[in-house]
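*Asks:* I'm passing along target-v3.cif; it holds mmCIF, C-alpha atoms and all ligand atoms.
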data_work
loop_
_atom_site.group_PDB
_atom_site.id
_atom_site.type_symbol
_atom_site.label_atom_id
_atom_site.label_comp_id
_atom_site.auth_asym_id
_atom_site.auth_seq_id
_atom_site.Cartn_x
_atom_site.Cartn_y
_atom_site.Cartn_z
ATOM 1 C CA MET A 2 0.000 0.000 0.000
ATOM 2 C CA LYS A 3 1.185 3.525 -0.817
ATOM 3 C CA VAL A 4 1.926 5.979 2.006
ATOM 4 C CA ARG A 5 -0.776 8.309 0.675
ATOM 5 C CA GLU A 6 -3.504 5.679 0.894
ATOM 6 C CA PHE A 7 -2.259 4.433 4.265
ATOM 7 C CA ALA A 8 -2.346 7.951 5.732
ATOM 8 C CA GLY A 9 -5.852 8.472 4.364
ATOM 9 C CA GLN A 10 -7.233 5.178 5.638
ATOM 10 C CA LEU A 11 -5.869 5.775 9.134
ATOM 11 C CA ASN A 12 -6.931 9.387 9.067
ATOM 12 C CA MET A 13 -3.489 10.760 9.836
ATOM 13 C CA GLU A 14 -2.129 14.242 9.533
ATOM 14 C CA ILE A 15 0.622 14.500 6.880
ATOM 15 C CA LEU A 16 3.286 16.898 8.179
ATOM 16 C CA THR A 17 5.593 16.671 5.178
ATOM 17 C CA GLY A 18 3.202 17.783 2.450
ATOM 18 C CA GLU A 19 3.403 15.872 -0.797
ATOM 19 C CA ASN A 20 6.839 14.372 -0.203
ATOM 20 C CA GLY A 21 7.275 10.620 -0.208
ATOM 21 C CA LEU A 22 3.578 9.802 -0.445
ATOM 22 C CA GLU A 23 4.000 7.473 -3.405
ATOM 23 C CA LYS A 24 6.369 5.117 -1.605
ATOM 24 C CA GLU A 25 5.260 1.605 -0.862
ATOM 25 C CA ILE A 26 4.621 0.405 2.716
ATOM 26 C CA LYS A 27 5.237 -3.262 3.423
ATOM 27 C CA GLY A 28 5.103 -3.562 7.186
ATOM 28 C CA MET A 29 5.476 -1.773 10.474
ATOM 29 C CA TYR A 30 8.109 -1.439 13.164
ATOM 30 C CA ILE A 31 7.701 0.096 16.623
ATOM 31 C CA CYS A 32 10.673 0.994 18.813
ATOM 32 C CA ASP A 33 12.313 4.054 20.350
ATOM 33 C CA LEU A 34 15.898 2.842 20.604
ATOM 34 C CA LEU A 35 17.562 4.110 17.465
ATOM 35 C CA SER A 36 20.317 1.495 17.211
ATOM 36 C CA TRP A 37 17.749 -1.201 17.731
ATOM 37 C CA VAL A 38 15.620 0.155 14.910
ATOM 38 C CA MET A 39 18.706 0.339 12.690
ATOM 39 C CA SER A 40 19.394 -3.326 13.012
ATOM 40 C CA HIS A 41 15.877 -4.755 13.231
ATOM 41 C CA ALA A 42 13.567 -2.694 11.037
ATOM 42 C CA THR A 43 13.091 -3.881 7.471
ATOM 43 C CA LYS A 44 13.077 -1.880 4.270
ATOM 44 C CA GLY A 45 9.545 -0.668 3.590
ATOM 45 C CA ASP A 46 8.429 -0.638 7.237
ATOM 46 C CA VAL A 47 6.542 2.351 8.572
ATOM 47 C CA TRP A 48 8.101 3.269 11.878
ATOM 48 C CA ILE A 49 6.256 4.516 14.956
ATOM 49 C CA THR A 50 8.381 6.510 17.386
ATOM 50 C CA VAL A 51 7.901 9.143 20.067
ATOM 51 C CA HIS A 52 11.193 10.802 19.119
ATOM 52 C CA THR A 53 10.830 13.925 17.044
ATOM 53 C CA HIS A 54 14.413 15.186 16.703
ATOM 54 C CA VAL A 55 16.035 15.375 13.316
ATOM 55 C CA ASN A 56 18.072 12.191 13.691
ATOM 56 C CA ILE A 57 15.008 9.989 13.265
ATOM 57 C CA VAL A 58 15.180 11.000 9.615
ATOM 58 C CA ALA A 59 18.779 9.790 9.350
ATOM 59 C CA VAL A 60 17.741 6.443 10.798
ATOM 60 C CA ALA A 61 14.857 6.179 8.327
ATOM 61 C CA VAL A 62 17.202 6.985 5.447
ATOM 62 C CA MET A 63 19.684 4.318 6.532
ATOM 63 C CA VAL A 64 17.162 1.488 6.596
ATOM 64 C CA ASP A 65 14.826 2.653 3.797
ATOM 65 C CA ILE A 66 11.893 3.424 6.028
ATOM 66 C CA PRO A 67 9.420 5.277 3.776
ATOM 67 C CA CYS A 68 7.377 6.878 6.491
ATOM 68 C CA ILE A 69 7.557 7.796 10.188
ATOM 69 C CA ILE A 70 4.475 7.965 12.385
ATOM 70 C CA ILE A 71 4.416 10.181 15.456
ATOM 71 C CA PRO A 72 1.737 8.972 17.892
ATOM 72 C CA GLU A 73 -0.299 10.729 20.564
ATOM 73 C CA GLY A 74 -0.225 14.111 18.867
ATOM 74 C CA ILE A 75 3.369 14.857 19.847
ATOM 75 C CA GLU A 76 4.765 18.127 18.530
ATOM 76 C CA VAL A 77 7.407 17.640 15.812
ATOM 77 C CA GLU A 78 10.378 19.983 15.380
ATOM 78 C CA GLU A 79 10.377 22.114 12.244
ATOM 79 C CA ALA A 80 13.945 20.967 11.400
ATOM 80 C CA THR A 81 12.801 17.360 11.407
ATOM 81 C CA ILE A 82 9.938 18.058 9.024
ATOM 82 C CA LYS A 83 12.242 20.006 6.720
ATOM 83 C CA LYS A 84 14.862 17.275 6.669
ATOM 84 C CA ALA A 85 12.278 14.556 6.070
ATOM 85 C CA SER A 86 10.834 16.515 3.145
ATOM 86 C CA GLU A 87 14.314 16.838 1.632
ATOM 87 C CA GLU A 88 14.862 13.115 1.971
ATOM 88 C CA ASP A 89 11.425 12.280 0.611
ATOM 89 C CA ILE A 90 10.304 10.598 3.806
ATOM 90 C CA ALA A 91 6.769 11.231 4.962
ATOM 91 C CA ILE A 92 6.025 12.111 8.580
ATOM 92 C CA LEU A 93 2.491 11.319 9.695
ATOM 93 C CA ARG A 94 0.914 12.259 12.984
ATOM 94 C CA THR A 95 -2.140 11.071 14.849
ATOM 95 C CA SER A 96 -3.620 11.393 18.310
ATOM 96 C CA LYS A 97 -3.779 7.588 18.612
ATOM 97 C CA THR A 98 -1.356 5.460 20.607
ATOM 98 C CA ALA A 99 1.165 3.141 18.957
ATOM 99 C CA TYR A 100 -1.032 0.202 19.950
ATOM 100 C CA GLN A 101 -4.140 1.680 18.331
ATOM 101 C CA ILE A 102 -2.212 2.532 15.179
ATOM 102 C CA ALA A 103 -0.797 -0.986 14.970
ATOM 103 C CA CYS A 104 -4.218 -2.582 15.410
ATOM 104 C CA GLU A 105 -5.651 -0.518 12.570
ATOM 105 C CA ALA A 106 -2.607 -0.966 10.331
ATOM 106 C CA GLY A 107 -2.725 -4.708 10.898
ATOM 107 C CA LYS A 108 -6.030 -4.844 9.061
ATOM 108 C CA LEU A 109 -4.629 -2.930 6.079
ATOM 109 C CA LEU A 110 -1.105 -4.274 5.562
ATOM 110 C CA MET B 29 31.177 -0.011 -11.692
ATOM 111 C CA SER B 30 34.474 1.152 -13.180
ATOM 112 C CA ASP B 31 37.890 -0.028 -12.064
ATOM 113 C CA GLY B 32 38.763 3.252 -10.364
ATOM 114 C CA ILE B 33 38.909 3.900 -6.663
ATOM 115 C CA ILE B 34 36.664 6.570 -5.266
ATOM 116 C CA ARG B 35 38.006 8.359 -2.211
ATOM 117 C CA LYS B 36 36.017 10.702 -0.061
ATOM 118 C CA SER B 37 36.484 12.263 3.316
ATOM 119 C CA PHE B 38 34.055 13.886 5.678
ATOM 120 C CA VAL B 39 34.351 15.972 8.792
ATOM 121 C CA ILE B 40 32.125 14.711 11.590
ATOM 122 C CA PRO B 41 31.281 17.661 13.831
ATOM 123 C CA ALA B 42 30.968 17.224 17.593
ATOM 124 C CA ASN B 43 27.587 17.049 19.279
ATOM 125 C CA ASP B 44 25.702 18.288 16.248
ATOM 126 C CA PHE B 45 22.737 16.002 15.879
ATOM 127 C CA THR B 46 21.200 18.006 13.084
ATOM 128 C CA ILE B 47 23.872 16.757 10.700
ATOM 129 C CA ALA B 48 24.880 13.553 12.465
ATOM 130 C CA GLY B 49 24.553 10.761 9.941
ATOM 131 C CA GLU B 50 25.196 12.985 6.908
ATOM 132 C CA ALA B 51 28.472 11.258 6.021
ATOM 133 C CA SER B 52 26.858 7.827 6.169
ATOM 134 C CA SER B 53 23.907 8.977 4.186
ATOM 135 C CA SER B 54 26.178 10.424 1.436
ATOM 136 C CA VAL B 55 28.073 7.158 1.236
ATOM 137 C CA LYS B 56 24.835 5.251 1.037
ATOM 138 C CA LYS B 57 23.676 7.424 -1.853
ATOM 139 C CA MET B 58 27.027 7.016 -3.635
ATOM 140 C CA LEU B 59 26.793 3.232 -3.408
ATOM 141 C CA ILE B 60 23.257 3.224 -4.743
ATOM 142 C CA GLN B 61 24.371 5.401 -7.642
ATOM 143 C CA LEU B 62 27.242 3.031 -8.356
ATOM 144 C CA GLY B 63 24.735 0.231 -8.579
ATOM 145 C CA ALA B 64 25.899 -1.716 -5.515
ATOM 146 C CA ASP B 65 23.772 -4.586 -4.249
ATOM 147 C CA PRO B 66 21.065 -3.301 -1.827
ATOM 148 C CA GLN B 67 22.101 -5.764 0.861
ATOM 149 C CA LYS B 68 25.713 -4.483 0.750
ATOM 150 C CA VAL B 69 24.459 -0.920 0.805
ATOM 151 C CA LYS B 70 22.481 -1.680 3.940
ATOM 152 C CA LYS B 71 25.457 -3.324 5.655
ATOM 153 C CA THR B 72 27.643 -0.330 4.855
ATOM 154 C CA ALA B 73 25.034 2.243 5.851
ATOM 155 C CA ILE B 74 24.298 0.705 9.239
ATOM 156 C CA SER B 75 27.875 0.057 10.280
ATOM 157 C CA MET B 76 29.100 3.463 9.153
ATOM 158 C CA TYR B 77 26.172 5.263 10.759
ATOM 159 C CA GLU B 78 26.868 3.629 14.125
ATOM 160 C CA ALA B 79 30.562 4.554 13.971
ATOM 161 C CA GLU B 80 29.741 8.091 12.884
ATOM 162 C CA LEU B 81 27.232 8.555 15.700
ATOM 163 C CA ASN B 82 29.692 7.201 18.243
ATOM 164 C CA ALA B 83 32.198 9.823 17.122
ATOM 165 C CA VAL B 84 29.531 12.522 17.529
ATOM 166 C CA ILE B 85 28.213 11.337 20.872
ATOM 167 C CA HIS B 86 31.233 9.933 22.656
ATOM 168 C CA ALA B 87 34.273 11.568 21.089
ATOM 169 C CA ASN B 88 33.682 15.212 20.119
ATOM 170 C CA GLY B 89 33.446 14.377 16.451
ATOM 171 C CA GLY B 90 36.146 13.225 14.084
ATOM 172 C CA VAL B 91 36.811 12.463 10.452
ATOM 173 C CA ALA B 92 35.623 9.748 8.110
ATOM 174 C CA GLU B 93 37.652 8.514 5.154
ATOM 175 C CA VAL B 94 35.951 6.301 2.644
ATOM 176 C CA GLU B 95 37.395 4.285 -0.222
ATOM 177 C CA ILE B 96 35.173 2.489 -2.673
ATOM 178 C CA ASP B 97 36.428 0.193 -5.387
ATOM 179 C CA ARG B 98 34.836 -2.597 -7.407
ATOM 180 C CA HIS B 99 35.234 -5.116 -4.651
ATOM 181 C CA LYS B 100 34.800 -3.322 -1.379
ATOM 182 C CA VAL B 101 33.995 -0.275 0.691
ATOM 183 C CA PHE B 102 36.588 0.658 3.269
ATOM 184 C CA ILE B 103 35.667 3.204 5.937
ATOM 185 C CA ARG B 104 37.950 4.662 8.561
ATOM 186 C CA ILE B 105 36.415 6.819 11.292
ATOM 187 C CA LYS B 106 38.946 8.521 13.447
ATOM 188 C CA ASP B 107 38.433 10.622 16.535
ATOM 189 C CA GLU B 108 40.556 12.231 19.205
ATOM 190 C CA GLY B 109 38.069 11.569 21.971
ATOM 191 C CA PRO B 110 38.535 9.863 25.330
ATOM 192 C CA GLY B 111 39.172 6.380 23.926
ATOM 193 C CA ILE B 112 37.514 3.179 25.153
ATOM 194 C CA PRO B 113 39.015 1.775 28.379
ATOM 195 C CA ASP B 114 37.581 -1.739 28.027
ATOM 196 C CA LEU B 115 36.787 -2.548 24.415
ATOM 197 C CA GLU B 116 35.583 -6.066 25.122
ATOM 198 C CA LEU B 117 33.025 -4.704 27.572
ATOM 199 C CA ALA B 118 32.006 -1.919 25.193
ATOM 200 C CA MET B 119 31.355 -4.493 22.448
ATOM 201 C CA GLN B 120 28.708 -6.203 24.573
ATOM 202 C CA GLU B 121 25.073 -5.594 23.711
ATOM 203 C CA GLY B 122 23.486 -3.150 26.092
ATOM 204 C CA TYR B 123 26.704 -1.639 27.427
ATOM 205 C CA THR B 124 26.611 2.130 27.295
ATOM 206 C CA THR B 125 28.028 5.143 29.055
ATOM 207 C CA ALA B 126 25.681 7.559 27.284
ATOM 208 C CA PRO B 127 24.290 10.179 29.679
ATOM 209 C CA ASP B 128 20.541 10.579 30.273
ATOM 210 C CA SER B 129 20.277 13.553 27.922
ATOM 211 C CA ILE B 130 21.516 11.368 25.061
ATOM 212 C CA ARG B 131 19.427 8.385 26.064
ATOM 213 C CA GLU B 132 16.310 10.527 26.047
ATOM 214 C CA MET B 133 16.958 11.012 22.339
ATOM 215 C CA GLY B 134 16.865 7.270 21.768
ATOM 216 C CA PHE B 135 20.612 6.737 21.586
ATOM 217 C CA GLY B 136 22.488 4.721 24.170
ATOM 218 C CA ALA B 137 20.935 1.297 23.662
ATOM 219 C CA GLY B 138 24.476 -0.037 23.700
ATOM 220 C CA MET B 139 23.834 -1.592 20.304
ATOM 221 C CA GLY B 140 26.119 0.470 18.070
ATOM 222 C CA LEU B 141 29.305 -1.573 18.346
ATOM 223 C CA PRO B 142 27.383 -4.895 18.208
ATOM 224 C CA ASN B 143 25.612 -3.614 15.075
ATOM 225 C CA MET B 144 28.968 -2.779 13.486
ATOM 226 C CA LYS B 145 30.235 -6.247 14.290
ATOM 227 C CA ARG B 146 27.128 -7.814 12.828
ATOM 228 C CA TYR B 147 26.979 -5.815 9.607
ATOM 229 C CA ALA B 148 30.633 -5.150 8.711
ATOM 230 C CA ASP B 149 32.521 -7.951 6.979
ATOM 231 C CA LYS B 150 35.648 -6.784 8.751
ATOM 232 C CA LEU B 151 35.821 -4.553 11.804
ATOM 233 C CA GLU B 152 39.002 -3.272 13.375
ATOM 234 C CA ILE B 153 39.018 -0.936 16.328
ATOM 235 C CA THR B 154 42.120 0.680 17.728
ATOM 236 C CA THR B 155 41.617 2.765 20.805
ATOM 237 C CA GLU B 156 43.737 4.424 23.425
ATOM 238 C CA VAL B 157 42.481 6.143 26.537
ATOM 239 C CA GLY B 158 43.147 9.871 26.330
ATOM 240 C CA LYS B 159 44.178 9.669 22.658
ATOM 241 C CA GLY B 160 41.197 8.541 20.639
ATOM 242 C CA THR B 161 39.660 5.778 18.616
ATOM 243 C CA VAL B 162 39.969 4.531 15.045
ATOM 244 C CA VAL B 163 37.231 2.316 13.669
ATOM 245 C CA GLU B 164 37.894 0.542 10.369
ATOM 246 C CA ILE B 165 34.997 -1.066 8.584
ATOM 247 C CA THR B 166 35.184 -3.142 5.419
ATOM 248 C CA VAL B 167 32.169 -4.335 3.486
ATOM 249 C CA PHE B 168 32.822 -6.525 0.460
ATOM 250 C CA LEU B 169 30.711 -5.669 -2.539
ATOM 251 C CA THR B 170 31.166 -8.957 -4.336
ATOM 252 C CA ASP B 171 30.461 -12.240 -2.632
ATOM 253 C CA ASN B 172 33.577 -14.108 -3.782
ATOM 254 C CA GLU B 173 35.753 -11.540 -2.007
ATOM 255 C CA LYS B 174 34.307 -12.616 1.266
ATOM 256 C CA GLU B 175 35.082 -16.272 0.631
ATOM 257 C CA ASP B 176 38.634 -15.432 -0.431
ATOM 258 C CA HIS B 177 39.107 -13.814 2.842
HETATM 259 N N1 LIG A 201 34.424 6.581 19.480
HETATM 260 C C1 LIG A 201 34.269 6.340 20.793
HETATM 261 N N2 LIG A 201 34.980 7.039 21.711
HETATM 262 C C2 LIG A 201 34.825 6.805 23.034
HETATM 263 N N3 LIG A 201 33.997 5.891 23.543
HETATM 264 C C3 LIG A 201 33.263 5.152 22.686
HETATM 265 C C4 LIG A 201 33.363 5.325 21.272
HETATM 266 N N4 LIG A 201 32.546 4.438 20.670
HETATM 267 C C5 LIG A 201 31.952 3.741 21.659
HETATM 268 N N5 LIG A 201 32.382 4.164 22.877
HETATM 269 C C6 LIG A 201 32.005 3.603 24.195
HETATM 270 O O1 LIG A 201 31.448 2.317 24.006
HETATM 271 C C7 LIG A 201 30.102 2.284 24.522
HETATM 272 C C8 LIG A 201 29.256 1.350 23.672
HETATM 273 O O2 LIG A 201 29.113 1.876 22.352
HETATM 274 P P1 LIG A 201 27.860 1.463 21.467
HETATM 275 O O3 LIG A 201 27.922 2.188 20.182
HETATM 276 O O4 LIG A 201 27.773 -0.026 21.407
HETATM 277 O O5 LIG A 201 26.625 1.951 22.339
HETATM 278 P P2 LIG A 201 26.123 3.446 22.603
HETATM 279 O O6 LIG A 201 26.738 4.371 21.631
HETATM 280 O O7 LIG A 201 26.320 3.754 24.024
HETATM 281 O O8 LIG A 201 24.558 3.296 22.306
HETATM 282 P P3 LIG A 201 23.874 3.125 20.853
HETATM 283 O O9 LIG A 201 24.972 2.960 19.850
HETATM 284 O O10 LIG A 201 23.007 1.923 20.962
HETATM 285 O O11 LIG A 201 23.089 4.384 20.638
HETATM 286 C C9 LIG A 201 29.666 3.722 24.518
HETATM 287 O O12 LIG A 201 28.626 3.963 25.449
HETATM 288 C C10 LIG A 201 30.951 4.431 24.915
HETATM 289 O O13 LIG A 201 31.197 4.316 26.292
HETATM 290 MG MG MG A 202 26.731 3.939 19.584
#
What is this structure when it is put down as structure tokens?
Ligand SMILES: Nc1ncnc2c1ncn2[C@@H]1O[C@H](COP(=O)(O)OP(=O)(O)OP(=O)(O)O)[C@@H](O)[C@H]1O
Ligand SMILES: [Mg+2]

*Replies:*
Amino acid sequence: MKVREFAGQLNMEILTGENGLEKEIKGMYICDLLSWVMSHATKGDVWITVHTHVNIVAVAVMVDIPCIIIPEGIEVEEATIKKASEEDIAILRTSKTAYQIACEAGKLL
Amino acid sequence: MSDGIIRKSFVIPANDFTIAGEASSSVKKMLIQLGADPQKVKKTAISMYEAELNAVIHANGGVAEVEIDRHKVFIRIKDEGPGIPDLELAMQEGYTTAPDSIREMGFGAGMGLPNMKRYADKLEITTEVGKGTVVEITVFLTDNEKEDH
């Protein structure tokens, strides 16, 4: 499923505008330890994290994560959004918890 | 890929998280452009990123030198930080000396060195307390190279 359709189905806010919305999503990964994500996430996973600093984009770039989801309505730094747009990685936000997002995504992916 | 060797070097600034990972991400893009196998690109990207971030977080930055030829990527990340007193301990999963402020950012899982070991085909670390650390990572781009080794 494309990021655009995924974001629409789950009713998420797209912080990065049009960037990266045509990328394909294959699965999901949830973790807040960056080195752990680096070694365990798979290419094509959407990644749910509570971190909002700019280095989450670097991690996503390294492992070909097409899209980052910020749960529980957490505020995202402007620098992070800018960097993600440059790298063509979508950042989505929702008021839901990681668990709720995963339950809904599980029905779609 | 041509027969030439591509050499690049990068400055890794201290404590600047806004550009931490830039060197690794440039190398990743270069390898993709050169048509390297995606699996090799991933191995290179992860191991270099971990070494780069360690230089940023633990060692006041440093320099990265990268050499790419047909058969391999060689990366040397050099810093003049505090060095690692007990390398064997530092290599263990979960070992970290990262302060709370760094851990709150999601670093400090103590997985960086283990990740390098897992993803690099060859990993050499030279470190001296008070002098600094040199991390040398090799990833072979062709499978026969690895067997030769
Ligand atoms: N370049 C370095 N200079 C000085 N100390 C280092 C260096 N690299 C690693 N270390 C030491 O080794 C420890 C383990 O490193 P490792 O990369 O495995 O984990 P980490 O950096 O603490 O956490 P993570 O990489 O999971 O974010 C570090 O906490 C630090 O004490
Ligand atoms: Mg580390």

*Asks:* Within 9 Å of ligand LIG 201 (chain A), counting all atoms listed in the file, which protein or nucleic acid residues do you find, written as a ChimeraX atom specification?

*Replies:* /A:34-37 /B:78-90,105-115,117-127,130-131,134-144,155,157,160-163

*Asks:* So, with all atoms listed in the file as the atoms that count, which of B:Val55, B:Glu116, B:Ala64, B:Ser75 lies closest to ligand MG 202 (chain A)?

*Replies:*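 Among the listed residues, the smallest separation from ligand MG 202 (chain A) belongs to B:Ser75.
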
*Asks:* What do you get, as number ranges by chain, if you spell out every residue that the PyMOL selection byres (((chain A and resi 12) around 12) and not hetatm) selects here?

*Replies:* A: 4-11, 13-15, 70, 93-97, 102, 105-106

*Asks:* Return the padded bounding box of segment 91-100 of chain A as lines of an AutoDock Vina configuration file: axis-aligned, built from all atoms listed in the file, 4 Å added on each side, with centre and edge lengths in Å to one decimal.

*Replies:*
center_x = 1.5
center_y = 6.2
center_z = 12.8
size_x = 18.5
size_y = 20.1
size_z = 23.6

*Asks:* I need the contact residues of chain A against chain B, so if you could list those with any atom within 10 Å, counting all atoms listed in the file, and return them as a list in words, that would help.

*Replies:*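 In the required form, that comes to Cys32, Asp33, Leu34, Leu35, Ser36, Trp37, Val38, Met39, Ser40, His41, Lys44, Thr50, Val51, His52, Thr53, His54, Val55, Asn56, Ile57, Val58, Ala59, Val60, Val62, Met63, Val64, Asp65, Ala80, Thr81 and Lys84 of chain A.
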
*Asks:* Evaluate the PyMOL selection byres (((chain A and resi 2) around 6) and not hetatm) against this structure - the residues, as number ranges by chain, please.

*Replies:* A: 3, 25-26

*Asks:* Using atom CA of Ser129 of chain B and atom CA of Ala92 of chain B as the two end points, give the distance in Å to one decimal.

*Replies:*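 Result for atom CA of Ser129 of chain B versus atom CA of Ala92 of chain B: 25.3 Å, one decimal.
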
*Asks:* To one decimal place in Å, what is the distance between atom CA of Val94 of chain B and atom CA of Ile66 of chain A?

*Replies:*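 Separation of atom CA of Val94 of chain B and atom CA of Ile66 of chain A: 24.5 Å.
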
*Asks:* Applied to this file, what does the PyMOL selection byres (((chain B and resi 149) around 7) and not hetatm) return in terms of residues, put as a PyMOL selection string?

*Replies:* chain B and resi 147-148+150-151+166-168

*Asks:* For the atom pair atom CA of Trp48 of chain A and atom CA of Met58 of chain B, what is the interatomic distance in Å to one decimal place?

*Replies:*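 If I compute the distance from atom CA of Trp48 of chain A to atom CA of Met58 of chain B, I get 24.8 Å.
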
*Asks:* Would you kindly return, as a count of residues only, each protein, DNA or RNA residue with an atom no farther than 7 Å from any atom of Lys27 of chain A, considering all atoms listed in the file and excluding same-chain residues fewer than 6 positions away?

*Replies:* 3

*Asks:* Neighbourhood query: residues within 7 Å of (26.1, -7.6, 0.0), file coordinates, counting only C-alpha atoms; return as a ChimeraX atom specification.

*Replies:* /B:65-69,168-171

*Asks:* Which residue gives the smallest distance to Ile96 of chain B among B:Pro41, B:Lys36, B:Ile165, B:Ala51, with all atoms listed in the file counted?

*Replies:*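 Of the candidates, the smallest distance to Ile96 of chain B is held by B:Lys36.
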
*Asks:* Can you pull out the residues contacting Ala99 of chain A? Cut-off 9 Å, using only C-alpha atoms, and skip same-chain residues under 6 positions away; I want them as a PyMOL selection string.

*Replies:* chain A and resi 31+49-50+70-73
